[in-house]
Amino acid sequence: MSDMIDPSPPTGGDLVRRHRRSTRIWHWLNAWILAVMLMSGLMIFNAHPHLYWGQYGANFDRAWFEIGASGGSGTVRMGALTLHTTGLLGLSYGADGHANSVAFPGWITIPSHYSLADARIWHLAFAVLLLVAWPAYVLVSLVNGHVRRDLVITRHEWAPAHIWHDIKEHARLRFPTGAAALHYNILQKLAYGTVLFGLLPLILLTGLTLSPGMDAAWPWLTVLFGGRQSARSLHFLAMLGLIAFFIVHIVMVVLAGPFNEVRSMVTGWYRLPRARHPVIVPAPESGN
Amino acid sequence: MSAPLLSRRRLLGAGALGTAGLLSGCDKLGDNPGFRGLLEDVGQAHRATQRLLIGRTALAREFSEAEMSPIFRSNGSVDVADRAYQTHVAQGFANWRLQVGGLVQHPLALPLSALQAMPQRQQITRHDCVEGWSAIAKWQGPQLGAIIAQAGLLPQARYLVLHCADTLLDAPYYESIDLIDGFHPQTILAWRMNDAPLTVAHGAPIRLRVERQLGYKQAKYVMAIEARASLAGLYGGKGGLWEDKRGYQWYAGI
């Protein structure tokens, strides 16, 4: 969006270049990789649906989070809190109506039937793609100025009043228009920055920490995360963070105009939203 | 939560796979030998990278006694039906011998007392199951490399196969490692666990500890070690029971 040559500032209604090719390729590649990683990862979780803190954790140790089934009911337990989730988590029903005691149901896992080995083959192959794609995109974005121009948050933007103003505008569904829409606002920068420089490196590094080979190669991994089981818990929480981002992301795309948004991420061209003019109702000719 | 995830699936189904549903597509793709082979080949990048990064002698982390699991669960086979094995248990493994053969200069038959008399390595390490759980225990035994050196490897030997007394999924358990892990200082044949002789549930009289790999490589009830040039032609040809029967990776460093 900074590739403009036209000296006159664009205004609402103009078609402008919004996303670089590297961003568009990364976006769709990342969406595809993360979808497969998520669904195969949920199947891997199904093999041992308990999460622990620390170096070790197995069936006889205290889990801080677990999904299970007991007494014909699917449950999610977190500390002292137990939620009944029959039909979705812990115990669900297949297309044939058969009850399956699996943490995550088959419609959201790869493969759809229980297979830890197959899920690992998917997960570990796509992990290689992500381990190449993420550093490559970060590097390209540092070199081509995407990070500096579009993602770095200025001191002005960090001001609480500015952030609060943006939150209020978003809550009212009043999104920037005209030239202001050329740049990410503070909430967008925070969201994209958190994913690109927070959640993705976190999920990559915690994933590597689950590998006993990597732990021997890079002993600092388990030190950094406080143990392999802590890393496994953080890997899961980072996944939840990415899902939360995804949901908000889709909602915002739909609210902001899905055609224009998807077009800009496919072709790069984006039509700047027109300013919201107050609707002026002409006064009646004859007064009351 | 289900609605946006479904829309992503639809999006991907249309874009990347061009099938009605990603899931049925993924199941079909995963069962397609060509695509599965591609995924497995990409996954091999982990092994290549790790072999490059780890080097031959980088050690798995060792822990203090305070960090040990209160209870170390047993998993996989916890007993062995084999009559000969049952006899060895009854005799306290007094007549048991570890066979070392295959591509070696001097085949060996080592009694448990000989393994116990060799220089010992003691290590408190983390056992990581492929399912995701971890448990920490203290292991003691002779280094596998010392036993193999005693037998003298022939130059064409590339793999060490561990033949076990137990059966799983109606097949004899076996596992294999390459010579890098075979001669790694932490690779031991453990006969002691947590300061007591190994119990039957944990693989008596000896189990392999190959500390930079996952649990299914830690073969229990090891009866014989065979040096081989290739894993082809042995059972399913993939170098281990879980590899043959379920498709787990032979390299279990990840």
# chains A, B, ... in the order shown; residues from 1 in each chain; ligands from 1
>>> interface_residues(of="chain B", to="chain A", cutoff="6 Å", atoms="only C-alpha atoms", output="number ranges by chain")
B: 27, 39, 42-43, 53-54, 58-60, 131, 133-135, 212-213, 247-248, 253-254
>>> write_last_selection(atoms="N, CA and C atoms", output="PDB file, in the first residue's frame")
ATOM      1  N   ASP B  27      -8.497 -37.263   3.962  1.00  0.00           N
ATOM      2  CA  ASP B  27      -8.449 -38.697   4.218  1.00  0.00           C
ATOM      3  C   ASP B  27      -8.013 -39.434   2.954  1.00  0.00           C
ATOM      4  N   LEU B  39       4.449 -36.527   1.675  1.00  0.00           N
ATOM      5  CA  LEU B  39       4.423 -35.990   3.041  1.00  0.00           C
ATOM      6  C   LEU B  39       5.554 -36.574   3.872  1.00  0.00           C
ATOM      7  N   VAL B  42       8.869 -35.043   2.910  1.00  0.00           N
ATOM      8  CA  VAL B  42       9.039 -33.708   3.486  1.00  0.00           C
ATOM      9  C   VAL B  42       9.368 -33.839   4.962  1.00  0.00           C
ATOM     10  N   GLY B  43       8.665 -34.777   5.648  1.00  0.00           N
ATOM     11  CA  GLY B  43       8.922 -35.004   7.067  1.00  0.00           C
ATOM     12  C   GLY B  43      10.350 -35.456   7.330  1.00  0.00           C
ATOM     13  N   LEU B  53      22.116 -30.714  13.015  1.00  0.00           N
ATOM     14  CA  LEU B  53      22.168 -29.824  14.170  1.00  0.00           C
ATOM     15  C   LEU B  53      22.726 -30.519  15.410  1.00  0.00           C
ATOM     16  N   ILE B  54      22.291 -31.766  15.615  1.00  0.00           N
ATOM     17  CA  ILE B  54      22.598 -32.431  16.878  1.00  0.00           C
ATOM     18  C   ILE B  54      24.050 -32.864  16.937  1.00  0.00           C
ATOM     19  N   ALA B  58      25.831 -34.867  20.982  1.00  0.00           N
ATOM     20  CA  ALA B  58      25.049 -33.968  21.837  1.00  0.00           C
ATOM     21  C   ALA B  58      24.158 -34.803  22.750  1.00  0.00           C
ATOM     22  N   LEU B  59      24.116 -34.440  24.016  1.00  0.00           N
ATOM     23  CA  LEU B  59      23.423 -35.267  24.995  1.00  0.00           C
ATOM     24  C   LEU B  59      21.994 -34.800  25.198  1.00  0.00           C
ATOM     25  N   ALA B  60      21.128 -35.768  25.482  1.00  0.00           N
ATOM     26  CA  ALA B  60      19.802 -35.426  25.970  1.00  0.00           C
ATOM     27  C   ALA B  60      19.975 -34.861  27.373  1.00  0.00           C
ATOM     28  N   GLU B 131       2.584 -40.254  22.141  1.00  0.00           N
ATOM     29  CA  GLU B 131       1.240 -39.730  22.422  1.00  0.00           C
ATOM     30  C   GLU B 131       1.280 -38.324  23.004  1.00  0.00           C
ATOM     31  N   TRP B 133       2.823 -37.596  26.342  1.00  0.00           N
ATOM     32  CA  TRP B 133       3.190 -37.482  27.756  1.00  0.00           C
ATOM     33  C   TRP B 133       4.681 -37.706  27.955  1.00  0.00           C
ATOM     34  N   SER B 134       5.184 -37.258  29.112  1.00  0.00           N
ATOM     35  CA  SER B 134       6.601 -37.427  29.456  1.00  0.00           C
ATOM     36  C   SER B 134       6.708 -37.937  30.888  1.00  0.00           C
ATOM     37  N   ALA B 135       7.728 -38.749  31.152  1.00  0.00           N
ATOM     38  CA  ALA B 135       8.007 -39.200  32.508  1.00  0.00           C
ATOM     39  C   ALA B 135       9.518 -39.272  32.670  1.00  0.00           C
ATOM     40  N   ARG B 212      17.516 -39.691  22.631  1.00  0.00           N
ATOM     41  CA  ARG B 212      17.149 -38.569  21.761  1.00  0.00           C
ATOM     42  C   ARG B 212      15.982 -38.944  20.846  1.00  0.00           C
ATOM     43  N   GLN B 213      15.293 -40.028  21.195  1.00  0.00           N
ATOM     44  CA  GLN B 213      14.148 -40.445  20.394  1.00  0.00           C
ATOM     45  C   GLN B 213      12.948 -40.759  21.291  1.00  0.00           C
ATOM     46  N   GLY B 247       2.696 -47.172  10.765  1.00  0.00           N
ATOM     47  CA  GLY B 247       3.222 -46.089   9.943  1.00  0.00           C
ATOM     48  C   GLY B 247       3.919 -44.986  10.726  1.00  0.00           C
ATOM     49  N   TYR B 248       4.324 -45.273  11.964  1.00  0.00           N
ATOM     50  CA  TYR B 248       5.118 -44.275  12.681  1.00  0.00           C
ATOM     51  C   TYR B 248       6.477 -44.117  12.004  1.00  0.00           C
ATOM     52  N   GLY B 253      13.072 -38.877  16.417  1.00  0.00           N
ATOM     53  CA  GLY B 253      13.673 -37.763  17.157  1.00  0.00           C
ATOM     54  C   GLY B 253      12.730 -36.578  17.236  1.00  0.00           C
ATOM     55  N   ILE B 254      11.570 -36.698  16.610  1.00  0.00           N
ATOM     56  CA  ILE B 254      10.613 -35.580  16.613  1.00  0.00           C
ATOM     57  C   ILE B 254       9.208 -36.116  16.825  1.00  0.00           C
TER      58      ILE B 254
END
>>> closest_residue(among="A:Gly68, A:Gly268, A:Gly79, A:Gly13", to="Ser92 of chain A", atoms="only C-alpha atoms")
A:Gly68
>>> select_by_dssp(residues="segment 37-227 of chain A", states="alpha helix (DSSP H)", output="number ranges by chain")
A: 37-46, 116-143, 146, 155-158, 160-171, 186-194, 200-209, 212-217, 220-225
>>> atom_distance(atom1="atom CA of Gln122 of chain B", atom2="atom CA of Trp139 of chain B")
5.6 Å
>>> closest_residue(among="B:His163, B:His184, B:Lys238, B:Lys28", to="Leu98 of chain B", atoms="only C-alpha atoms")
B:His163
>>> select_by_dssp(residues="segment 24-113 of chain A", states="strand (DSSP E)", output="list in words")
His50, Leu51, Phe65, Glu66, Ile67, Gly68, Ala69, Ser70, Ser73, Gly74, Thr75, Val76, Arg77, Met78, Leu81, Thr82, Leu83, His84, Ser92, Tyr93, Ala99 and Asn100 of chain A
>>> closest_residue(among="B:Ile206, B:Arg61, B:Pro119, B:Gln150", to="His106 of chain B", atoms="only C-alpha atoms")
B:Gln150
>>> closest_residue(among="B:Ala45, B:Leu112, B:Leu231, B:Val104", to="Leu131 of chain A", atoms="only C-alpha atoms")
B:Ala45
>>> residues_around(residues="segment 262-266 of chain A", least_positions_apart="4", cutoff="10 Å", atoms="only C-alpha atoms", output="list in words")
Leu15, Val16, Arg17, Arg18, His19, Arg20, Arg21, Thr23, Arg24, Ile25, His27, Trp28, Val253, Val254, Gly257, Pro258, Tyr270 and Arg271 of chain A
>>> write_last_selection(atoms="N, CA, C and O atoms", output="mmCIF file, in the first residue's frame")
data_model
loop_
_atom_site.group_PDB
_atom_site.id
_atom_site.type_symbol
_atom_site.label_atom_id
_atom_site.label_comp_id
_atom_site.auth_asym_id
_atom_site.auth_seq_id
_atom_site.Cartn_x
_atom_site.Cartn_y
_atom_site.Cartn_z
ATOM 1 N N LEU A 15 -9.362 2.932 -6.490
ATOM 2 C CA LEU A 15 -8.805 1.593 -6.445
ATOM 3 C C LEU A 15 -7.301 1.737 -6.237
ATOM 4 O O LEU A 15 -6.629 2.383 -7.031
ATOM 5 N N VAL A 16 -6.780 1.180 -5.154
ATOM 6 C CA VAL A 16 -5.350 1.359 -4.845
ATOM 7 C C VAL A 16 -4.687 0.006 -4.654
ATOM 8 O O VAL A 16 -5.338 -0.996 -4.383
ATOM 9 N N ARG A 17 -3.344 0.014 -4.803
ATOM 10 C CA ARG A 17 -2.575 -1.194 -4.495
ATOM 11 C C ARG A 17 -2.479 -1.298 -2.985
ATOM 12 O O ARG A 17 -1.975 -0.395 -2.330
ATOM 13 N N ARG A 18 -2.945 -2.382 -2.432
ATOM 14 C CA ARG A 18 -2.962 -2.487 -0.972
ATOM 15 C C ARG A 18 -1.940 -3.488 -0.453
ATOM 16 O O ARG A 18 -1.185 -3.181 0.465
ATOM 17 N N HIS A 19 -1.918 -4.724 -1.025
ATOM 18 C CA HIS A 19 -1.037 -5.754 -0.488
ATOM 19 C C HIS A 19 0.030 -6.151 -1.489
ATOM 20 O O HIS A 19 -0.266 -6.399 -2.654
ATOM 21 N N ARG A 20 1.278 -6.220 -0.999
ATOM 22 C CA ARG A 20 2.377 -6.682 -1.840
ATOM 23 C C ARG A 20 2.171 -8.150 -2.209
ATOM 24 O O ARG A 20 1.491 -8.891 -1.500
ATOM 25 N N ARG A 21 2.858 -8.555 -3.261
ATOM 26 C CA ARG A 21 2.764 -9.949 -3.687
ATOM 27 C C ARG A 21 3.241 -10.882 -2.564
ATOM 28 O O ARG A 21 2.622 -11.902 -2.293
ATOM 29 N N THR A 23 3.092 -10.516 0.601
ATOM 30 C CA THR A 23 2.078 -10.615 1.656
ATOM 31 C C THR A 23 0.922 -11.506 1.208
ATOM 32 O O THR A 23 0.404 -12.303 1.984
ATOM 33 N N ARG A 24 0.555 -11.364 -0.073
ATOM 34 C CA ARG A 24 -0.575 -12.164 -0.564
ATOM 35 C C ARG A 24 -0.207 -13.648 -0.606
ATOM 36 O O ARG A 24 -0.985 -14.500 -0.196
ATOM 37 N N ILE A 25 0.996 -13.943 -1.105
ATOM 38 C CA ILE A 25 1.427 -15.352 -1.148
ATOM 39 C C ILE A 25 1.478 -15.909 0.270
ATOM 40 O O ILE A 25 0.962 -16.987 0.568
ATOM 41 N N HIS A 27 -0.080 -14.890 2.927
ATOM 42 C CA HIS A 27 -1.392 -14.994 3.547
ATOM 43 C C HIS A 27 -2.069 -16.322 3.232
ATOM 44 O O HIS A 27 -2.530 -17.035 4.112
ATOM 45 N N TRP A 28 -2.107 -16.650 1.929
ATOM 46 C CA TRP A 28 -2.843 -17.866 1.547
ATOM 47 C C TRP A 28 -2.067 -19.125 1.892
ATOM 48 O O TRP A 28 -2.643 -20.141 2.290
ATOM 49 N N VAL A 253 -13.440 -9.104 8.266
ATOM 50 C CA VAL A 253 -13.485 -9.137 6.799
ATOM 51 C C VAL A 253 -14.933 -9.044 6.321
ATOM 52 O O VAL A 253 -15.261 -8.296 5.404
ATOM 53 N N VAL A 254 -15.801 -9.800 6.998
ATOM 54 C CA VAL A 254 -17.213 -9.789 6.603
ATOM 55 C C VAL A 254 -17.807 -8.400 6.834
ATOM 56 O O VAL A 254 -18.507 -7.861 5.971
ATOM 57 N N GLY A 257 -16.531 -5.672 4.314
ATOM 58 C CA GLY A 257 -16.830 -5.857 2.895
ATOM 59 C C GLY A 257 -15.993 -6.983 2.332
ATOM 60 O O GLY A 257 -14.867 -6.751 1.878
ATOM 61 N N PRO A 258 -16.526 -8.201 2.369
ATOM 62 C CA PRO A 258 -15.717 -9.378 2.024
ATOM 63 C C PRO A 258 -15.182 -9.345 0.595
ATOM 64 O O PRO A 258 -14.042 -9.763 0.362
ATOM 65 N N TYR A 270 -7.395 -2.721 -3.972
ATOM 66 C CA TYR A 270 -8.348 -2.470 -2.882
ATOM 67 C C TYR A 270 -9.062 -1.150 -3.165
ATOM 68 O O TYR A 270 -8.419 -0.160 -3.524
ATOM 69 N N ARG A 271 -10.380 -1.166 -3.035
ATOM 70 C CA ARG A 271 -11.110 0.097 -3.225
ATOM 71 C C ARG A 271 -11.262 0.783 -1.877
ATOM 72 O O ARG A 271 -11.829 0.218 -0.948
#
>>> residues_around(residues="Gly182 of chain B", least_positions_apart="4", cutoff="7 Å", atoms="only C-alpha atoms", output="JSON, numbers by chain")
{"B": [144, 145, 160, 177, 178, 187]}
>>> closest_residue(among="B:His88, B:Arg36, B:Arg97, B:Lys220", to="Gly203 of chain B", atoms="only C-alpha atoms")
B:Lys220
>>> atom_distance(atom1="atom CA of Arg228 of chain B", atom2="atom CA of Gly34 of chain B")
28.4 Å
>>> residues_around(residues="Thr86 of chain A", least_positions_apart="6", cutoff="12 Å", atoms="only C-alpha atoms", output="NGL selection string")
:A and (67-76 or 92-93 or 99-105)
